[in-house]
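What's in run.json: JSON, C-alpha atoms
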```
[["chain", "number", "residue", "atom", "x", "y", "z"],
["A", 214, "MET", "CA", 92.40, -21.85, 9.32],
["A", 215, "THR", "CA", 89.97, -18.94, 9.30],
["A", 216, "PRO", "CA", 91.42, -15.63, 10.43],
["A", 217, "GLN", "CA", 89.94, -14.25, 13.68],
["A", 218, "ASN", "CA", 88.86, -10.97, 12.00],
["A", 219, "SER", "CA", 87.07, -12.72, 9.06],
["A", 220, "ASN", "CA", 83.59, -11.27, 8.17],
["A", 221, "THR", "CA", 82.30, -14.68, 7.10],
["A", 222, "PRO", "CA", 79.15, -15.48, 9.18],
["A", 223, "SER", "CA", 79.28, -18.46, 11.38],
["A", 224, "LYS", "CA", 77.02, -21.45, 10.81],
["A", 225, "ALA", "CA", 74.80, -20.37, 13.68],
["A", 226, "GLU", "CA", 74.48, -16.90, 12.19],
["A", 227, "ARG", "CA", 73.68, -18.33, 8.77],
["A", 228, "ASN", "CA", 70.99, -20.56, 10.26],
["A", 229, "SER", "CA", 69.53, -17.64, 12.18],
["A", 230, "ALA", "CA", 69.48, -15.47, 9.04],
["A", 231, "ALA", "CA", 67.85, -18.28, 7.10],
["A", 232, "ARG", "CA", 65.17, -18.66, 9.75],
["A", 233, "GLU", "CA", 64.53, -14.89, 9.70],
["A", 234, "ARG", "CA", 64.17, -14.90, 5.92],
["A", 235, "ALA", "CA", 61.83, -17.87, 6.16],
["A", 236, "ARG", "CA", 59.78, -16.05, 8.79],
["A", 237, "GLN", "CA", 59.55, -12.94, 6.63],
["A", 238, "ILE", "CA", 58.52, -15.06, 3.65],
["A", 239, "ARG", "CA", 55.83, -16.80, 5.72],
["A", 240, "GLU", "CA", 54.51, -13.50, 7.06],
["A", 241, "GLY", "CA", 54.47, -12.04, 3.59],
["A", 242, "GLN", "CA", 52.61, -15.08, 2.29],
["A", 243, "GLN", "CA", 50.15, -14.94, 5.20],
["A", 244, "LYS", "CA", 49.48, -11.24, 4.58],
["A", 245, "LYS", "CA", 48.98, -11.96, 0.89],
["A", 246, "GLU", "CA", 46.58, -14.80, 1.68],
["A", 247, "LYS", "CA", 44.71, -12.59, 4.16],
["A", 248, "ARG", "CA", 44.37, -9.82, 1.57],
["A", 249, "THR", "CA", 43.18, -12.33, -1.00],
["A", 250, "LYS", "CA", 40.65, -13.80, 1.45],
["A", 251, "THR", "CA", 39.40, -10.33, 2.41],
["A", 252, "LEU", "CA", 39.02, -9.32, -1.23],
["A", 253, "THR", "CA", 37.22, -12.58, -1.98],
["A", 254, "ILE", "CA", 34.80, -12.05, 0.93],
["A", 255, "TRP", "CA", 34.09, -8.46, -0.12],
["A", 256, "GLY", "CA", 33.67, -9.61, -3.70],
["A", 257, "VAL", "CA", 31.04, -12.12, -2.60],
["A", 258, "VAL", "CA", 29.33, -9.52, -0.38],
["A", 259, "LEU", "CA", 29.21, -6.98, -3.21],
["A", 260, "ALA", "CA", 27.91, -9.62, -5.60],
["A", 261, "VAL", "CA", 25.13, -10.56, -3.14],
["A", 262, "VAL", "CA", 24.26, -6.89, -2.60],
["A", 263, "ALA", "CA", 24.15, -6.36, -6.36],
["A", 264, "ILE", "CA", 21.79, -9.32, -6.75],
["A", 265, "ILE", "CA", 19.55, -8.01, -3.94],
["A", 266, "VAL", "CA", 19.46, -4.57, -5.54],
["A", 267, "VAL", "CA", 18.59, -6.02, -8.94],
["A", 268, "VAL", "CA", 15.84, -8.19, -7.46],
["A", 269, "ALA", "CA", 14.48, -5.24, -5.47],
["A", 270, "LEU", "CA", 14.45, -3.07, -8.57],
["A", 271, "VAL", "CA", 12.63, -5.76, -10.51],
["A", 272, "VAL", "CA", 10.03, -6.12, -7.73],
["A", 273, "VAL", "CA", 9.56, -2.38, -7.33],
["A", 274, "ASN", "CA", 9.36, -1.81, -11.07],
["A", 275, "SER", "CA", 6.80, -4.59, -11.40],
["A", 276, "MET", "CA", 4.76, -3.03, -8.58],
["A", 277, "LYS", "CA", 4.97, 0.36, -10.25],
["A", 278, "ALA", "CA", 4.37, -1.03, -13.74],
["A", 279, "GLU", "CA", 2.15, 0.97, -16.06],
["A", 280, "VAL", "CA", -1.53, 0.28, -15.54],
["A", 281, "PRO", "CA", -4.05, 0.37, -18.42],
["A", 282, "ASP", "CA", -6.49, 3.26, -18.50],
["A", 283, "ALA", "CA", -9.51, 1.01, -18.89],
["A", 284, "GLY", "CA", -10.59, -2.02, -16.93],
["A", 285, "PRO", "CA", -13.49, -3.86, -15.30],
["A", 286, "ALA", "CA", -15.24, -3.11, -12.04],
["A", 287, "PRO", "CA", -15.44, -5.88, -9.46],
["A", 288, "GLN", "CA", -18.72, -7.47, -8.51],
["A", 289, "TYR", "CA", -20.90, -4.73, -6.92],
["A", 290, "GLY", "CA", -18.51, -2.04, -8.16],
["A", 291, "ASN", "CA", -20.38, 0.91, -9.63],
["A", 292, "GLU", "CA", -19.54, 3.27, -12.49],
["A", 293, "HIS", "CA", -18.19, 5.90, -10.08],
["A", 294, "GLY", "CA", -15.50, 3.69, -8.56],
["A", 295, "GLY", "CA", -17.47, 2.78, -5.45],
["A", 296, "VAL", "CA", -19.20, -0.09, -3.68],
["A", 297, "THR", "CA", -22.40, 0.61, -1.76],
["A", 298, "LEU", "CA", -23.40, -1.19, 1.43],
["A", 299, "ILE", "CA", -27.16, -1.52, 1.89],
["A", 300, "LYS", "CA", -29.39, -3.21, 4.46],
["A", 301, "ASP", "CA", -29.38, -6.56, 2.69],
["A", 302, "GLY", "CA", -25.71, -6.55, 1.63],
["A", 303, "PHE", "CA", -24.54, -4.64, -1.42],
["A", 304, "ALA", "CA", -26.28, -2.54, -4.04],
["A", 305, "GLU", "CA", -26.51, -4.51, -7.27],
["A", 306, "THR", "CA", -24.71, -3.07, -10.29],
["A", 307, "PRO", "CA", -24.54, -4.07, -13.94],
["A", 308, "ASP", "CA", -21.25, -5.17, -15.48],
["A", 309, "VAL", "CA", -19.14, -2.03, -15.53],
["A", 310, "THR", "CA", -16.00, -1.05, -17.42],
["A", 311, "VAL", "CA", -14.31, 2.23, -16.56],
["A", 312, "ASP", "CA", -11.87, 4.31, -18.59],
["A", 313, "LEU", "CA", -9.69, 6.96, -17.00],
["A", 314, "THR", "CA", -9.42, 8.85, -20.29],
["A", 315, "SER", "CA", -13.21, 9.40, -20.30],
["A", 316, "LEU", "CA", -13.04, 11.79, -17.36],
["A", 317, "PRO", "CA", -13.29, 15.51, -18.05],
["A", 318, "ALA", "CA", -10.33, 17.79, -17.42],
["A", 319, "GLN", "CA", -10.29, 19.38, -13.98],
["A", 320, "GLY", "CA", -10.51, 22.83, -15.50],
["A", 321, "ASP", "CA", -13.76, 21.89, -17.24],
["A", 322, "ILE", "CA", -15.55, 21.15, -13.98],
["A", 323, "GLU", "CA", -17.77, 23.86, -12.52],
["A", 324, "GLU", "CA", -16.48, 25.05, -9.16],
["A", 325, "GLY", "CA", -18.22, 23.28, -6.31],
["A", 326, "ALA", "CA", -19.60, 20.51, -8.51],
["A", 327, "LEU", "CA", -20.08, 17.23, -6.68],
["A", 328, "PRO", "CA", -18.44, 14.05, -7.87],
["A", 329, "PRO", "CA", -20.88, 12.02, -10.02],
["A", 330, "GLY", "CA", -23.33, 9.85, -8.16],
["A", 331, "ILE", "CA", -23.36, 11.98, -5.03],
["A", 332, "GLU", "CA", -26.72, 13.54, -4.21],
["A", 333, "ALA", "CA", -29.30, 13.64, -1.45],
["A", 334, "ALA", "CA", -31.51, 10.57, -1.42],
["A", 335, "PRO", "CA", -35.22, 11.27, -1.98],
["A", 336, "ASP", "CA", -37.58, 11.53, 1.00],
["A", 337, "GLY", "CA", -38.49, 8.11, 2.30],
["A", 338, "GLU", "CA", -35.32, 6.49, 0.95],
["A", 339, "PRO", "CA", -32.23, 5.64, 3.02],
["A", 340, "ALA", "CA", -29.93, 8.63, 3.31],
["A", 341, "GLN", "CA", -26.81, 8.56, 1.17],
["A", 342, "ILE", "CA", -23.31, 8.58, 2.67],
["A", 343, "VAL", "CA", -20.29, 8.41, 0.36],
["A", 344, "ILE", "CA", -16.76, 8.07, 1.73],
["A", 345, "TYR", "CA", -13.54, 8.40, -0.24],
["A", 346, "VAL", "CA", -10.89, 6.36, 1.59],
["A", 347, "ASP", "CA", -7.27, 5.40, 1.09],
["A", 348, "LEU", "CA", -6.25, 2.20, 2.87],
["A", 349, "GLY", "CA", -2.85, 3.75, 3.63],
["A", 350, "CYS", "CA", -4.37, 6.91, 5.14],
["A", 351, "PRO", "CA", -4.01, 7.29, 8.94],
["A", 352, "ALA", "CA", -6.92, 9.75, 9.11],
["A", 353, "CYS", "CA", -9.13, 7.21, 7.31],
["A", 354, "LYS", "CA", -8.17, 4.58, 9.87],
["A", 355, "GLN", "CA", -9.06, 6.96, 12.71],
["A", 356, "PHE", "CA", -12.41, 7.75, 11.09],
["A", 357, "GLU", "CA", -13.24, 4.06, 10.65],
["A", 358, "LEU", "CA", -12.25, 3.19, 14.20],
["A", 359, "ALA", "CA", -14.38, 6.04, 15.53],
["A", 360, "TYR", "CA", -17.48, 5.50, 13.39],
["A", 361, "GLU", "CA", -17.45, 1.94, 12.01],
["A", 362, "ASP", "CA", -20.09, 0.71, 14.48],
["A", 363, "TYR", "CA", -22.24, 3.78, 13.86],
["A", 364, "LEU", "CA", -22.08, 3.38, 10.08],
["A", 365, "THR", "CA", -22.87, -0.32, 10.39],
["A", 366, "GLU", "CA", -25.92, 0.49, 12.52],
["A", 367, "LEU", "CA", -27.13, 3.02, 9.94],
["A", 368, "VAL", "CA", -26.85, 0.45, 7.16],
["A", 369, "ASP", "CA", -28.35, -2.46, 9.12],
["A", 370, "SER", "CA", -31.30, -0.34, 10.24],
["A", 371, "GLY", "CA", -31.98, 0.89, 6.72],
["A", 372, "LYS", "CA", -31.47, 4.51, 7.72],
["A", 373, "ALA", "CA", -28.63, 5.05, 5.27],
["A", 374, "THR", "CA", -26.51, 3.47, 2.58],
["A", 375, "VAL", "CA", -22.73, 3.81, 2.83],
["A", 376, "GLU", "CA", -20.69, 3.85, -0.35],
["A", 377, "TYR", "CA", -16.92, 3.41, -0.16],
["A", 378, "ARG", "CA", -14.79, 4.74, -3.00],
["A", 379, "VAL", "CA", -11.31, 3.34, -2.42],
["A", 380, "VAL", "CA", -8.61, 5.52, -3.96],
["A", 381, "ASN", "CA", -4.81, 5.55, -4.24],
["A", 382, "PHE", "CA", -4.25, 9.13, -3.12],
["A", 383, "LEU", "CA", -1.13, 8.18, -1.12],
["A", 384, "ASP", "CA", 0.71, 6.22, -3.80],
["A", 385, "ARG", "CA", 2.80, 9.37, -4.13],
["A", 386, "VAL", "CA", 4.48, 8.67, -0.77],
["A", 387, "SER", "CA", 4.92, 4.90, -1.24],
["A", 388, "SER", "CA", 7.87, 3.26, -2.99],
["A", 389, "THR", "CA", 5.67, 0.33, -4.07],
["A", 390, "ASN", "CA", 2.24, 1.90, -4.73],
["A", 391, "TYR", "CA", 0.90, 0.46, -1.50],
["A", 392, "SER", "CA", -2.42, 2.29, -1.72],
["A", 393, "SER", "CA", -3.09, 0.85, -5.18],
["A", 394, "ARG", "CA", -2.00, -2.66, -4.24],
["A", 395, "SER", "CA", -4.08, -2.81, -1.07],
["A", 396, "ALA", "CA", -7.09, -1.31, -2.85],
["A", 397, "ASN", "CA", -6.75, -3.86, -5.65],
["A", 398, "ALA", "CA", -6.56, -6.65, -3.06],
["A", 399, "ALA", "CA", -9.76, -5.34, -1.44],
["A", 400, "MET", "CA", -11.50, -5.28, -4.82],
["A", 401, "CYS", "CA", -10.30, -8.84, -5.50],
["A", 402, "VAL", "CA", -11.91, -9.96, -2.23],
["A", 403, "LEU", "CA", -15.10, -8.05, -3.07],
["A", 404, "ASP", "CA", -15.35, -9.73, -6.45],
["A", 405, "SER", "CA", -14.55, -13.23, -5.19],
["A", 406, "GLN", "CA", -16.03, -13.33, -1.68],
["A", 407, "PRO", "CA", -18.04, -10.16, -1.03],
["A", 408, "GLU", "CA", -19.17, -11.38, 2.39],
["A", 409, "LYS", "CA", -15.53, -10.98, 3.52],
["A", 410, "PHE", "CA", -15.04, -7.49, 2.08],
["A", 411, "LYS", "CA", -15.88, -5.47, 5.21],
["A", 412, "ASP", "CA", -13.82, -7.75, 7.44],
["A", 413, "TYR", "CA", -10.86, -7.50, 5.09],
["A", 414, "VAL", "CA", -10.99, -3.71, 4.88],
["A", 415, "ALA", "CA", -11.25, -3.52, 8.67],
["A", 416, "ALA", "CA", -8.22, -5.84, 9.00],
["A", 417, "LEU", "CA", -6.22, -3.73, 6.54],
["A", 418, "PHE", "CA", -6.93, -0.64, 8.60],
["A", 419, "GLU", "CA", -6.02, -2.50, 11.78],
["A", 420, "LYS", "CA", -2.66, -3.56, 10.31],
["A", 421, "GLN", "CA", -2.09, -0.33, 8.42],
["A", 422, "PRO", "CA", 1.64, 0.34, 7.96],
["A", 423, "GLU", "CA", 3.26, 3.66, 8.77],
["A", 424, "GLU", "CA", 2.50, 6.22, 6.08],
["A", 425, "GLY", "CA", 5.24, 6.35, 3.44],
["A", 426, "GLY", "CA", 7.79, 3.73, 2.50],
["A", 427, "ALA", "CA", 7.02, 0.38, 0.96],
["A", 428, "GLY", "CA", 3.95, -0.56, 3.00],
["A", 429, "LEU", "CA", 2.86, -4.20, 3.31],
["A", 430, "ASP", "CA", 3.99, -6.58, 0.58],
["A", 431, "ASN", "CA", 1.55, -8.70, -1.42],
["A", 432, "ASP", "CA", 2.30, -11.84, 0.57],
["A", 433, "THR", "CA", 1.24, -10.01, 3.73],
["A", 434, "LEU", "CA", -1.90, -8.70, 2.01],
["A", 435, "ARG", "CA", -2.77, -12.31, 1.13],
["A", 436, "SER", "CA", -1.99, -13.47, 4.66],
["A", 437, "ILE", "CA", -4.34, -10.85, 6.13],
["A", 438, "ALA", "CA", -7.04, -12.00, 3.73],
["A", 439, "GLU", "CA", -6.52, -15.59, 4.85],
["A", 440, "ASP", "CA", -6.76, -14.48, 8.50],
["A", 441, "VAL", "CA", -10.31, -13.17, 7.92],
["A", 442, "GLY", "CA", -11.40, -16.35, 6.16],
["A", 443, "VAL", "CA", -10.79, -15.49, 2.50],
["A", 444, "ASP", "CA", -9.96, -18.39, 0.19],
["A", 445, "THR", "CA", -6.75, -16.83, -1.09],
["A", 446, "SER", "CA", -6.46, -19.25, -3.99],
["A", 447, "ALA", "CA", -9.47, -17.46, -5.47],
["A", 448, "ILE", "CA", -7.77, -14.05, -5.40],
["A", 449, "GLU", "CA", -4.22, -15.11, -6.30],
["A", 450, "ASP", "CA", -4.45, -14.36, -10.04],
["A", 451, "CYS", "CA", -6.46, -11.19, -9.41],
["A", 452, "MET", "CA", -3.75, -9.80, -7.14],
["A", 453, "LYS", "CA", -0.89, -10.95, -9.35],
["A", 454, "GLU", "CA", -2.43, -9.46, -12.49],
["A", 455, "ASP", "CA", -3.57, -6.20, -10.80],
["A", 456, "THR", "CA", -7.01, -6.81, -12.25],
["A", 457, "TYR", "CA", -8.70, -3.87, -10.53],
["A", 458, "ARG", "CA", -5.88, -1.34, -10.57],
["A", 459, "PRO", "CA", -7.56, 0.50, -13.50],
["A", 460, "TYR", "CA", -10.77, 0.65, -11.44],
["A", 461, "VAL", "CA", -8.91, 2.11, -8.47],
["A", 462, "ASN", "CA", -7.13, 4.59, -10.75],
["A", 463, "TYR", "CA", -10.52, 5.63, -12.13],
["A", 464, "ALA", "CA", -11.95, 6.23, -8.64],
["A", 465, "ASN", "CA", -8.87, 8.30, -7.85],
["A", 466, "GLY", "CA", -9.26, 10.17, -11.14],
["A", 467, "VAL", "CA", -12.79, 11.21, -10.16],
["A", 468, "PHE", "CA", -11.41, 12.16, -6.73],
["A", 469, "ASN", "CA", -8.82, 14.44, -8.36],
["A", 470, "VAL", "CA", -10.96, 15.95, -11.13],
["A", 471, "TYR", "CA", -13.72, 16.95, -8.73],
["A", 472, "GLY", "CA", -11.32, 18.31, -6.12],
["A", 473, "VAL", "CA", -12.30, 16.12, -3.17],
["A", 474, "GLY", "CA", -9.02, 17.27, -1.69],
["A", 475, "GLY", "CA", -8.09, 14.64, 0.87],
["A", 476, "THR", "CA", -9.10, 11.44, 2.58],
["A", 477, "PRO", "CA", -11.38, 10.62, 4.18],
["A", 478, "GLY", "CA", -13.65, 12.66, 1.95],
["A", 479, "VAL", "CA", -17.14, 12.20, 3.37],
["A", 480, "TYR", "CA", -20.44, 13.32, 1.84],
["A", 481, "VAL", "CA", -23.79, 13.08, 3.64],
["A", 482, "GLN", "CA", -26.95, 13.69, 1.64],
["A", 483, "GLY", "CA", -24.98, 15.47, -1.07],
["A", 484, "VAL", "CA", -23.04, 17.79, 1.26],
["A", 485, "LYS", "CA", -19.38, 17.39, 2.13],
["A", 486, "TYR", "CA", -18.60, 16.95, 5.80],
["A", 487, "ASN", "CA", -15.82, 19.14, 7.20],
["A", 488, "SER", "CA", -14.50, 17.82, 10.51],
["A", 489, "GLN", "CA", -13.02, 21.19, 11.53],
["A", 490, "GLU", "CA", -16.22, 23.12, 10.94],
["A", 491, "ASP", "CA", -18.96, 20.53, 11.43],
["A", 492, "GLY", "CA", -17.92, 18.88, 14.69],
["A", 493, "ASP", "CA", -18.69, 15.28, 15.57],
["A", 494, "PHE", "CA", -19.57, 13.24, 12.51],
["A", 495, "GLN", "CA", -22.28, 11.17, 14.17],
["A", 496, "ALA", "CA", -24.18, 14.25, 15.34],
["A", 497, "TYR", "CA", -23.72, 15.82, 11.92],
["A", 498, "ALA", "CA", -24.97, 12.75, 10.08],
["A", 499, "ASP", "CA", -27.91, 12.22, 12.45],
["A", 500, "ALA", "CA", -29.06, 15.77, 11.76],
["A", 501, "ALA", "CA", -28.74, 15.31, 8.02],
["A", 502, "ILE", "CA", -30.58, 12.00, 8.07],
["A", 503, "SER", "CA", -33.41, 13.49, 10.13],
["A", 504, "GLY", "CA", -33.93, 16.09, 7.45],
["A", 505, "GLU", "CA", -32.00, 19.01, 8.82],
["A", 506, "LYS", "CA", -29.88, 20.73, 6.22],
["A", 507, "PRO", "CA", -26.18, 20.05, 7.04],
["A", 508, "LYS", "CA", -24.40, 23.29, 7.74],
["A", 509, "LYS", "CA", -21.33, 24.20, 5.69]]
```

As structure tokens, how would this structure be written, given the file I've shared?
Amino acid sequence: MTPQNSNTPSKAERNSAARERARQIREGQQKKEKRTKTLTIWGVVLAVVAIIVVVALVVVNSMKAEVPDAGPAPQYGNEHGGVTLIKDGFAETPDVTVDLTSLPAQGDIEEGALPPGIEAAPDGEPAQIVIYVDLGCPACKQFELAYEDYLTELVDSGKATVEYRVVNFLDRVSSTNYSSRSANAAMCVLDSQPEKFKDYVAALFEKQPEEGGAGLDNDTLRSIAEDVGVDTSAIEDCMKEDTYRPYVNYANGVFNVYGVGGTPGVYVQGVKYNSQEDGDFQAYADAAISGEKPKK
């Protein structure tokens, strides 16, 4: 017979204690499983993030890969890094190869010297207009929107030729060299389907991304080309291989060496237009084309 004051737990107490221990064990196991699951999820997340970062770095590095100093001009590309619109289409050019290392040092250029190929057209010939543009430049977009129809009328009427020199001035604010990539795409279109060049450039300005950052990716550049009727299969290799990046770099090298200063850099009959001093561009250009000396 068990004494009344015995400390031995009763069966009910033992069962209750056993259930409590079992509960604690279950809770401990559940917490352990939850920690393991959480760590597994975070491990997967970190692994995915790491893969994304690696892929992004590969893409960015490929976009910013070193570009050769020398390379070919596209069809209708001239030795100065430009393409000239004339009444009947484009000014013909011979096969051209450019080399960035052939440019003089900036310190060797006489102050005020014009970039090569810029000069007043002779009397009786269409006036010359040369425009340095960057496809990522908001001010260039504004200029084109304001004066595209006017410039087209000058060309179609034979009053002037308009030469575009597409540069990569704003690569310095892009994480993927957007200015170079879009300029190369435009040159690819020019070389393959020149009749689509103006439409493509206009579409790139229309869809111009905010200045800075990555800009539009190459798939989007191809999609925009397709939207204006370009056979993108014909420019695929050109875009992938950055065929005309050396040409764009050369145009930008001339831009830098001769101190054009910013985009759009516009020259009419051998004189640089200054929007702050010279007022409305159309009035300025009309005066120059009529033979009046543009004021500085």

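If you look at atom CA of A:Glu449 and atom CA of A:Cys401, they are 8.8 Å away from each other.
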
* Just the residues within 10 Å of A:Gly325, please, counting only C-alpha atoms, with nothing from its chain fewer than 5 positions along; format it as a list in words. => Tyr471, Gly472 and Val473 of chain A

Let me have the centre and edge lengths of the axis-aligned box enclosing all listed atoms of stretch 223-241 of chain A with 5 Å padding on every side, in Å to one decimal, as JSON.
```
{"center_x": 66.9, "center_y": -16.7, "center_z": 8.6, "size_x": 34.8, "size_y": 19.4, "size_z": 20.1}
```

Counting only C-alpha atoms, which residues of stretch 433-466 of chain A fall within 12 Å of stretch 311-319 of chain A, and what is the closest atom pair for each with its distance in Å at one decimal, ordered by chain and rising number, as JSON lines?
```
{"residue": "A:Tyr457", "atom": "CA", "partner": "A:Val311", "partner_atom": "CA", "distance": 10.2}
{"residue": "A:Arg458", "atom": "CA", "partner": "A:Val311", "partner_atom": "CA", "distance": 10.9}
{"residue": "A:Pro459", "atom": "CA", "partner": "A:Val311", "partner_atom": "CA", "distance": 7.6}
{"residue": "A:Tyr460", "atom": "CA", "partner": "A:Val311", "partner_atom": "CA", "distance": 6.4}
{"residue": "A:Val461", "atom": "CA", "partner": "A:Val311", "partner_atom": "CA", "distance": 9.7}
{"residue": "A:Asn462", "atom": "CA", "partner": "A:Leu313", "partner_atom": "CA", "distance": 7.2}
{"residue": "A:Tyr463", "atom": "CA", "partner": "A:Leu313", "partner_atom": "CA", "distance": 5.1}
{"residue": "A:Ala464", "atom": "CA", "partner": "A:Leu313", "partner_atom": "CA", "distance": 8.7}
{"residue": "A:Asn465", "atom": "CA", "partner": "A:Leu313", "partner_atom": "CA", "distance": 9.3}
{"residue": "A:Gly466", "atom": "CA", "partner": "A:Leu313", "partner_atom": "CA", "distance": 6.7}
```

* Asked: If we count all atoms listed in the file, what is near A:Leu364 at a cut-off of 9 Å, once residues fewer than 2 positions away on the same chain are taken out, given as an NGL selection string?
  -> :A and (357 or 360-362 or 366-369 or 373-375 or 495)

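Between A:Pro422 and the residues A:Ala496, A:Cys350, A:Thr310, A:Arg232, the shortest atom-to-atom distance, using all atoms listed in the file, involves A:Cys350.
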
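Picture a line from atom CA of A:Tyr480 to atom CA of A:Gln341; it runs 8.0 Å.
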
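With all atoms listed in the file as the atoms that count, the residue of A:Val443, A:Pro339, A:Asp432, A:Asn469 with the shortest distance to A:Phe382 is A:Asn469.
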
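In this model, the gap between atom CA of A:Ala340 and atom CA of A:Gly290 comes to 19.4 Å.
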
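When all atoms listed in the file are used to compute distances to A:Val481, the closest of the residues A:Phe410, A:Tyr345, A:Phe303, A:Phe468 turns out to be A:Tyr345.
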
* Who sits within 12 Å of A:Ala416, all atoms listed in the file, same chain under 6 positions skipped, as a list in words -> Leu348, Lys354, Glu357, Leu358, Ser395, Ala399, Lys409, Phe410, Pro422, Thr433, Leu434, Arg435, Ser436, Ile437, Ala438, Glu439, Asp440, Val441, Gly442 and Val443 of chain A

Please, could you write that set of residues out with C-alpha atoms as a PDB file, in the frame of the given file?
```pdb
ATOM      1  CA  LEU A 348      -6.250   2.200   2.870  1.00  0.00           C
ATOM      2  CA  LYS A 354      -8.170   4.580   9.870  1.00  0.00           C
ATOM      3  CA  GLU A 357     -13.240   4.060  10.650  1.00  0.00           C
ATOM      4  CA  LEU A 358     -12.250   3.190  14.200  1.00  0.00           C
ATOM      5  CA  SER A 395      -4.080  -2.810  -1.070  1.00  0.00           C
ATOM      6  CA  ALA A 399      -9.760  -5.340  -1.440  1.00  0.00           C
ATOM      7  CA  LYS A 409     -15.530 -10.980   3.520  1.00  0.00           C
ATOM      8  CA  PHE A 410     -15.040  -7.490   2.080  1.00  0.00           C
ATOM      9  CA  PRO A 422       1.640   0.340   7.960  1.00  0.00           C
ATOM     10  CA  THR A 433       1.240 -10.010   3.730  1.00  0.00           C
ATOM     11  CA  LEU A 434      -1.900  -8.700   2.010  1.00  0.00           C
ATOM     12  CA  ARG A 435      -2.770 -12.310   1.130  1.00  0.00           C
ATOM     13  CA  SER A 436      -1.990 -13.470   4.660  1.00  0.00           C
ATOM     14  CA  ILE A 437      -4.340 -10.850   6.130  1.00  0.00           C
ATOM     15  CA  ALA A 438      -7.040 -12.000   3.730  1.00  0.00           C
ATOM     16  CA  GLU A 439      -6.520 -15.590   4.850  1.00  0.00           C
ATOM     17  CA  ASP A 440      -6.760 -14.480   8.500  1.00  0.00           C
ATOM     18  CA  VAL A 441     -10.310 -13.170   7.920  1.00  0.00           C
ATOM     19  CA  GLY A 442     -11.400 -16.350   6.160  1.00  0.00           C
ATOM     20  CA  VAL A 443     -10.790 -15.490   2.500  1.00  0.00           C
TER      21      VAL A 443
END
```

* Write out as a PyMOL selection string which residues come within 8 Å of A:Pro307 when counting all atoms listed in the file, dropping same-chain ones fewer than 2 positions away. => chain A and resi 289+291+305+309

* Distance query A:Val479 at most 10 Å, all atoms listed in the file, self and fewer than 5 positions along chain excluded, as a PyMOL selection string -> chain A and resi 342-346+376-377+473+484-488+494

* Asked: So, counting only C-alpha atoms, which residue among A:Ala230, A:Ala447, A:Leu429, A:Leu327 is closest to A:Asn390?
  -> A:Leu429
